[in-house]
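> mmCIF, C-alpha atoms, file model.cif:
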```
data_start
loop_
_atom_site.label_atom_id
_atom_site.label_comp_id
_atom_site.auth_asym_id
_atom_site.auth_seq_id
_atom_site.Cartn_x
_atom_site.Cartn_y
_atom_site.Cartn_z
CA MET P 1244 62.01 98.10 93.46
CA SER P 1245 62.82 97.28 97.06
CA ASP P 1246 64.58 94.12 95.94
CA VAL P 1247 67.37 95.99 94.15
CA PHE P 1248 70.77 95.20 95.58
CA THR P 1249 73.95 96.99 94.49
CA VAL P 1250 77.19 95.07 94.13
CA LEU P 1251 80.24 97.26 93.58
CA ASP P 1252 83.02 95.41 91.82
CA ASP P 1253 86.16 97.47 92.49
CA TRP P 1254 83.90 100.58 92.37
CA THR P 1255 81.84 99.57 89.33
CA PRO P 1256 78.22 99.34 90.55
CA VAL P 1257 75.89 96.64 89.25
CA GLU P 1258 72.26 96.54 90.35
CA THR P 1259 70.86 93.08 90.80
CA SER P 1260 68.51 91.00 92.95
CA GLU P 1261 69.43 90.03 96.48
CA ALA P 1262 69.59 86.35 95.50
CA GLU P 1263 71.97 87.08 92.63
CA ALA P 1264 74.01 89.43 94.86
CA ARG P 1265 74.42 86.64 97.40
CA ARG P 1266 75.70 84.32 94.68
CA GLN P 1267 78.17 86.96 93.47
CA ILE P 1268 79.41 87.60 96.99
CA GLU P 1269 79.90 83.90 97.55
CA ARG P 1270 81.82 83.48 94.29
CA ALA P 1271 84.02 86.51 95.06
CA GLY P 1272 84.79 85.16 98.52
CA ALA P 1273 85.62 81.73 97.11
CA ALA P 1274 87.99 83.43 94.64
CA GLY P 1275 89.81 85.02 97.57
CA ARG P 1276 88.48 88.51 96.98
CA PRO P 1277 87.64 90.74 99.95
CA VAL P 1278 83.93 91.42 100.42
CA ALA P 1279 82.12 93.96 102.58
CA ALA P 1280 78.36 93.66 102.69
CA ASP P 1281 75.48 95.56 104.25
CA LEU P 1282 72.18 93.72 103.91
CA GLU P 1283 70.21 96.55 105.49
CA GLU P 1284 71.60 99.05 103.01
CA ARG P 1285 71.31 96.45 100.25
CA ALA P 1286 74.85 96.95 99.05
CA ALA P 1287 78.14 95.08 98.91
CA TYR P 1288 81.65 95.92 97.81
CA VAL P 1289 83.99 93.38 96.24
CA GLY P 1290 87.61 94.50 96.33
CA VAL P 1291 90.88 93.31 94.85
CA ALA P 1292 92.57 90.31 96.46
CA ALA P 1293 95.73 90.86 98.48
CA GLY P 1294 97.63 88.43 96.25
CA GLU P 1295 96.76 90.36 93.10
CA ARG P 1296 97.71 93.70 94.65
CA ALA P 1297 100.96 92.20 95.97
CA ARG P 1298 101.85 90.83 92.52
CA GLN P 1299 101.18 94.22 90.90
CA LEU P 1300 103.35 96.03 93.42
CA ALA P 1301 106.15 93.47 93.33
CA SER P 1302 106.31 93.84 89.53
CA LEU P 1303 107.48 97.42 90.30
CA GLN P 1304 105.39 98.74 87.42
CA ALA P 1305 103.63 101.72 89.01
CA PRO P 1306 99.87 101.04 89.05
CA ASP P 1307 98.08 103.54 86.84
CA PHE P 1308 95.16 105.65 88.05
CA THR P 1309 93.08 108.60 86.92
CA LEU P 1310 91.85 111.16 89.41
CA PRO P 1311 90.35 114.63 89.23
CA GLY P 1312 92.41 117.66 90.15
CA VAL P 1313 90.94 120.37 92.35
CA ASP P 1314 89.82 122.08 89.13
CA GLY P 1315 87.82 118.95 88.26
CA ARG P 1316 90.08 118.05 85.31
CA LEU P 1317 91.12 114.40 85.10
CA HIS P 1318 94.78 113.44 85.34
CA ALA P 1319 96.23 109.99 84.55
CA LEU P 1320 99.54 108.91 86.01
CA SER P 1321 100.47 107.24 82.72
CA ALA P 1322 100.12 110.57 80.87
CA HIS P 1323 103.37 111.62 82.58
CA ARG P 1324 105.41 108.71 81.22
CA GLY P 1325 108.83 109.96 80.13
CA ARG P 1326 109.18 112.18 83.19
CA LYS P 1327 110.13 111.32 86.73
CA ILE P 1328 107.15 111.35 89.08
CA PHE P 1329 107.24 112.14 92.77
CA LEU P 1330 103.92 110.75 94.02
CA VAL P 1331 102.86 112.23 97.35
CA ALA P 1332 99.84 111.19 99.36
CA TYR P 1333 98.90 113.74 102.00
CA ALA P 1334 95.69 114.84 103.71
CA SER P 1335 94.17 117.65 105.73
CA TRP P 1336 93.73 115.22 108.63
CA MET Z 149 97.30 113.69 95.88
CA ALA Z 150 95.06 114.29 98.87
CA LEU Z 151 93.41 111.37 100.70
CA ASP Z 152 90.64 113.73 101.72
CA ARG Z 153 86.87 113.40 101.60
CA SER Z 154 86.58 116.35 99.21
CA ALA Z 155 88.57 118.92 97.23
CA GLU Z 156 87.27 121.48 99.71
CA ASP Z 157 89.19 119.91 102.58
CA ALA Z 158 92.46 119.93 100.61
CA LEU Z 159 92.01 123.31 98.96
CA PRO Z 160 93.44 125.61 101.67
CA TRP Z 161 96.79 123.78 101.47
CA ILE Z 162 96.81 123.75 97.69
CA GLU Z 163 95.97 127.45 97.48
CA ALA Z 164 98.73 128.29 99.95
CA ALA Z 165 101.34 126.18 98.13
CA LYS Z 166 100.33 127.26 94.58
CA PRO Z 167 101.85 124.12 93.06
CA THR Z 168 102.74 123.88 89.36
CA HIS Z 169 102.23 120.10 89.44
CA PRO Z 170 98.79 118.42 89.33
CA SER Z 171 97.01 118.37 92.72
CA LEU Z 172 94.63 115.45 92.84
CA VAL Z 173 91.93 114.47 95.29
CA ASP Z 174 91.22 110.83 96.10
CA PRO Z 175 88.17 110.57 98.41
CA ARG Z 176 87.71 106.89 97.49
CA HIS Z 177 91.32 106.03 98.44
CA VAL Z 178 91.89 104.42 95.05
CA VAL Z 179 95.61 105.18 95.19
CA ALA Z 180 95.91 104.01 98.80
CA ASP Z 181 94.47 100.67 97.65
CA LEU Z 182 96.69 100.41 94.55
CA TYR Z 183 99.89 101.29 96.43
CA ASN Z 184 99.08 99.80 99.85
CA MET Z 185 99.31 103.18 101.58
CA VAL Z 186 98.28 103.14 105.24
CA ASN Z 187 99.07 106.66 106.39
CA VAL Z 188 100.04 110.11 105.20
CA PRO Z 189 102.41 111.41 104.16
CA THR Z 190 103.44 108.56 101.88
CA VAL Z 191 105.79 109.21 98.97
CA VAL Z 192 106.77 107.03 96.00
CA TRP Z 193 109.43 107.63 93.35
CA ILE Z 194 108.45 106.57 89.83
CA ASP Z 195 110.94 106.80 86.98
CA GLU Z 196 110.51 107.82 83.33
CA ARG Z 197 109.46 104.28 82.37
CA GLY Z 198 106.76 104.15 85.04
CA ARG Z 199 108.82 101.92 87.33
CA ILE Z 200 108.75 102.24 91.10
CA VAL Z 201 112.35 102.97 92.03
CA ARG Z 202 111.75 103.88 95.67
CA PRO Z 203 108.73 102.33 97.39
CA ASN Z 204 106.37 103.84 99.95
CA ASP Z 205 108.29 106.04 102.34
CA VAL Z 206 107.42 108.70 104.90
CA ALA Z 207 108.80 112.13 104.01
CA PHE Z 208 107.93 115.69 104.91
CA GLY Z 209 108.53 118.84 102.88
CA SER Z 210 109.50 120.86 105.94
CA ASP Z 211 110.39 120.46 109.61
CA THR Z 212 107.13 122.03 110.85
CA PHE Z 213 106.10 118.82 112.63
CA ARG Z 214 109.58 117.45 113.29
CA HIS Z 215 109.16 117.82 117.06
CA ILE Z 216 106.25 115.38 116.79
CA THR Z 217 107.34 113.09 113.97
CA GLY Z 218 111.06 112.93 114.66
CA ILE Z 219 111.57 112.89 110.88
CA GLU Z 220 113.91 115.43 109.34
CA ALA Z 221 112.85 116.80 105.93
CA ALA Z 222 116.34 117.54 104.62
CA ARG Z 223 117.60 113.99 104.27
CA HIS Z 224 114.84 112.89 101.89
CA LEU Z 225 114.79 116.24 100.05
CA GLU Z 226 118.50 115.95 99.28
CA LEU Z 227 118.06 112.45 97.89
CA LEU Z 228 115.00 113.50 95.90
CA ARG Z 229 116.78 116.46 94.33
CA ALA Z 230 119.80 114.33 93.45
CA TRP Z 231 117.52 111.75 91.83
CA ALA Z 232 115.66 114.48 89.90
CA ARG Z 233 118.99 115.82 88.59
CA GLY Z 234 120.03 112.33 87.53
CA GLU Z 235 122.87 112.27 90.06
CA LEU Z 236 121.58 109.43 92.19
CA ALA Z 237 121.78 105.78 91.22
CA VAL Z 238 118.54 104.09 92.26
CA GLN Z 239 118.52 100.85 94.24
CA PRO Z 240 118.55 97.52 92.40
CA GLU Z 241 115.06 96.11 91.84
CA GLU Z 242 115.61 93.32 94.36
CA ARG Z 243 116.39 95.90 97.03
CA VAL Z 244 113.29 97.96 96.10
CA ARG Z 245 111.16 94.80 96.42
CA ALA Z 246 112.71 93.97 99.78
CA LEU Z 247 111.75 97.44 101.03
CA GLN Z 248 108.14 97.16 99.85
CA SER Z 249 105.31 96.44 102.22
CA LEU Z 250 102.66 94.28 100.55
CA PRO Z 251 99.00 94.11 101.54
CA THR Z 252 97.55 91.23 103.57
CA GLU Z 253 94.06 89.78 103.24
CA ALA Z 254 93.03 91.76 106.31
CA ASP Z 255 94.31 94.97 104.67
CA GLN Z 256 92.19 94.32 101.60
CA LEU Z 257 89.13 93.39 103.67
CA ALA Z 258 89.57 96.65 105.58
CA ARG Z 259 89.75 98.52 102.27
CA ALA Z 260 86.55 96.83 101.08
CA GLU Z 261 84.83 97.99 104.29
CA PHE Z 262 86.19 101.50 103.73
CA ALA Z 263 85.00 101.51 100.11
CA LEU Z 264 81.50 100.36 101.04
CA GLY Z 265 81.42 103.06 103.72
CA GLN Z 266 82.61 105.72 101.29
CA TRP Z 267 80.00 104.67 98.74
CA LEU Z 268 77.30 104.93 101.42
CA VAL Z 269 78.58 108.41 102.34
CA GLU Z 270 78.30 109.44 98.69
CA ARG Z 271 74.66 108.33 98.82
CA GLY Z 272 73.93 110.34 101.96
CA ARG Z 273 74.10 107.30 104.25
CA ALA Z 274 76.84 108.59 106.56
CA GLU Z 275 75.38 106.88 109.62
CA ALA Z 276 75.34 103.46 107.97
CA ALA Z 277 78.85 104.16 106.65
CA THR Z 278 80.25 104.59 110.15
CA ARG Z 279 79.98 100.92 111.07
CA HIS Z 280 81.95 99.99 107.94
CA PHE Z 281 84.66 102.55 108.66
CA GLU Z 282 84.91 101.23 112.21
CA LYS Z 283 85.03 97.63 111.01
CA GLY Z 284 87.77 98.56 108.54
CA GLY Z 285 89.77 100.15 111.34
CA THR Z 286 89.42 97.01 113.45
CA LEU Z 287 90.52 94.76 110.57
CA ALA Z 288 93.60 96.87 109.83
CA PRO Z 289 94.42 98.87 112.97
CA HIS Z 290 97.64 100.13 111.37
CA ASP Z 291 95.70 101.71 108.48
CA PHE Z 292 95.33 105.31 109.56
CA THR Z 293 93.92 106.35 106.18
CA ILE Z 294 90.85 104.51 107.49
CA ARG Z 295 91.03 105.06 111.25
CA ARG Z 296 92.03 108.71 111.15
CA GLY Z 297 91.10 109.58 107.57
CA THR Z 298 87.40 108.84 108.18
CA MET Z 299 87.25 110.86 111.41
CA PRO Z 300 86.05 114.06 109.66
CA ILE Z 301 83.25 112.08 107.96
CA ARG Z 302 82.27 110.57 111.33
CA GLY Z 303 82.14 114.01 112.92
CA ILE Z 304 85.32 113.44 114.93
CA ASP Z 305 88.13 116.02 115.09
CA PRO Z 306 91.16 114.24 113.51
CA MET Z 307 93.49 116.36 115.69
CA GLY Z 308 91.31 116.13 118.80
CA PRO Z 309 91.14 113.99 121.95
CA GLN Z 310 89.88 110.86 120.18
CA PHE Z 311 92.81 110.94 117.79
CA ARG Z 312 95.26 111.57 120.62
CA ALA Z 313 93.84 108.64 122.60
CA MET Z 314 94.13 106.39 119.54
CA LEU Z 315 97.72 107.51 118.95
CA GLN Z 316 98.60 107.03 122.62
CA ASP Z 317 97.15 103.53 122.57
CA TRP Z 318 99.07 102.70 119.38
CA THR Z 319 102.47 104.13 120.21
CA GLY Z 320 102.16 103.22 123.91
CA ALA Z 321 102.32 99.56 122.85
CA GLY Z 322 105.58 100.25 121.05
CA ARG Z 323 104.09 100.52 117.56
CA PRO Z 324 105.34 103.41 115.41
CA TYR Z 325 102.79 105.78 113.87
CA TYR Z 326 105.17 106.57 111.01
CA ARG Z 327 107.23 103.85 109.36
CA PRO Z 328 109.88 105.48 107.17
CA LEU Z 329 112.19 103.28 105.11
CA PRO Z 330 115.31 102.16 106.96
CA GLU Z 331 118.52 104.04 106.10
#
```
Let's see the structure in the file written out as structure tokens.

Amino acid sequence: MSDVFTVLDDWTPVETSEAEARRQIERAGAAGRPVAADLEERAAYVGVAAGERARQLASLQAPDFTLPGVDGRLHALSAHRGRKIFLVAYASW
Amino acid sequence: MALDRSAEDALPWIEAAKPTHPSLVDPRHVVADLYNMVNVPTVVWIDERGRIVRPNDVAFGSDTFRHITGIEAARHLELLRAWARGELAVQPEERVRALQSLPTEADQLARAEFALGQWLVERGRAEAATRHFEKGGTLAPHDFTIRRGTMPIRGIDPMGPQFRAMLQDWTGAGRPYYRPLPE
């Protein structure tokens, strides 16, 4: 199965042929979406367009997300609706 | 929420702080992408209705690094506490929008390169990932979640000489490493 190529659409992986992957990448690019590709690794990532992100942010509705805590339990931002949220991004680096 | 490669990297800080709030780990930088975060610390105030009432800002919980950052913790903490108590009127939406920094196409391309790199790391392809992390850093040189945040994955000390050289190069040209909201 050396022909398998993985296209990640905003983190959702889809395995396809290289020819089909190339078509998807081209379509995504034409639609203004950011694409990173690695032909050697047989993988590509299609992200979210700047315009769409900008519209979401400018709406001021806080984008929802679900992430694991250090205990592995999943937490959704929207589960805290009704309370004020102080969202802090930090890092060990 | 830690923009770290693993829970392990963030754990010492979480164990020391013993927080009562959820402590999340975001190795894929999903939140950085959603909120256009380009460095840490970045803080956002979200009200009871899920509305952003204060956009991305730089704030510290203490003055430990004040001699380096020049940012005093007290000012933001006072505002935050007043807001939590319901004693602070938030800015009008138009003002909040004016203070927001929105992503450019280059920012999103850089994030796509980061994401592909991160995915490769998850599949044990750290070496192949490096070129995507580096490309991401070139596309968005102000995005330190990519340039500095991937240093541990690339085997580089994020506090070491390579970071200091990068910082020197950046700030030496008059560009700030931290961009707190004006006030």
> Can you tell me how far CA of Asp1281 in chain P sits from CA of Ala1293 in chain P, in Å to one decimal?
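That distance, rounded to one decimal, is 21.6 Å.
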> For chain P, list the residues within 7 Å of chain Z, counting all atoms listed in the file, and write the list as a ChimeraX atom specification.
/P:1277-1279,1287-1293,1296-1297,1300-1301,1303-1306,1310-1313,1324-1336
> Mind giving me the straight-line distance from CA of His177 in chain Z to CA of His224 in chain Z in Å, one decimal?
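Separating CA of His177 in chain Z from CA of His224 in chain Z is a distance of 24.7 Å.
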> In Å to one decimal, how far is CA of Gln1267 in chain P from CA of Val186 in chain Z?
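We find that CA of Val186 in chain Z and CA of Gln1267 in chain P lie 28.4 Å from each other.
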> Let me make sure I understand: among P:Glu1263, P:Asp1314, P:Glu1295, P:Glu1258, which one has the smallest atom-to-atom distance to Arg1276 in chain P if we use all atoms listed in the file?
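Ranked by minimum distance to Arg1276 in chain P, first place goes to P:Glu1295.
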> Going by the chain IDs and residue numbers used in this file, which residues fall under the PyMOL selection byres ((chain P and resi 1246) around 10)? Write them as a PDB file with C-alpha atoms, keeping the file's coordinate frame.

```pdb
ATOM      1  CA  MET P1244      62.010  98.100  93.460  1.00  0.00           C
ATOM      2  CA  SER P1245      62.820  97.280  97.060  1.00  0.00           C
ATOM      3  CA  VAL P1247      67.370  95.990  94.150  1.00  0.00           C
ATOM      4  CA  PHE P1248      70.770  95.200  95.580  1.00  0.00           C
ATOM      5  CA  THR P1249      73.950  96.990  94.490  1.00  0.00           C
ATOM      6  CA  GLU P1258      72.260  96.540  90.350  1.00  0.00           C
ATOM      7  CA  THR P1259      70.860  93.080  90.800  1.00  0.00           C
ATOM      8  CA  SER P1260      68.510  91.000  92.950  1.00  0.00           C
ATOM      9  CA  GLU P1261      69.430  90.030  96.480  1.00  0.00           C
ATOM     10  CA  ALA P1262      69.590  86.350  95.500  1.00  0.00           C
ATOM     11  CA  ARG P1285      71.310  96.450 100.250  1.00  0.00           C
TER      12      ARG P1285
END
```
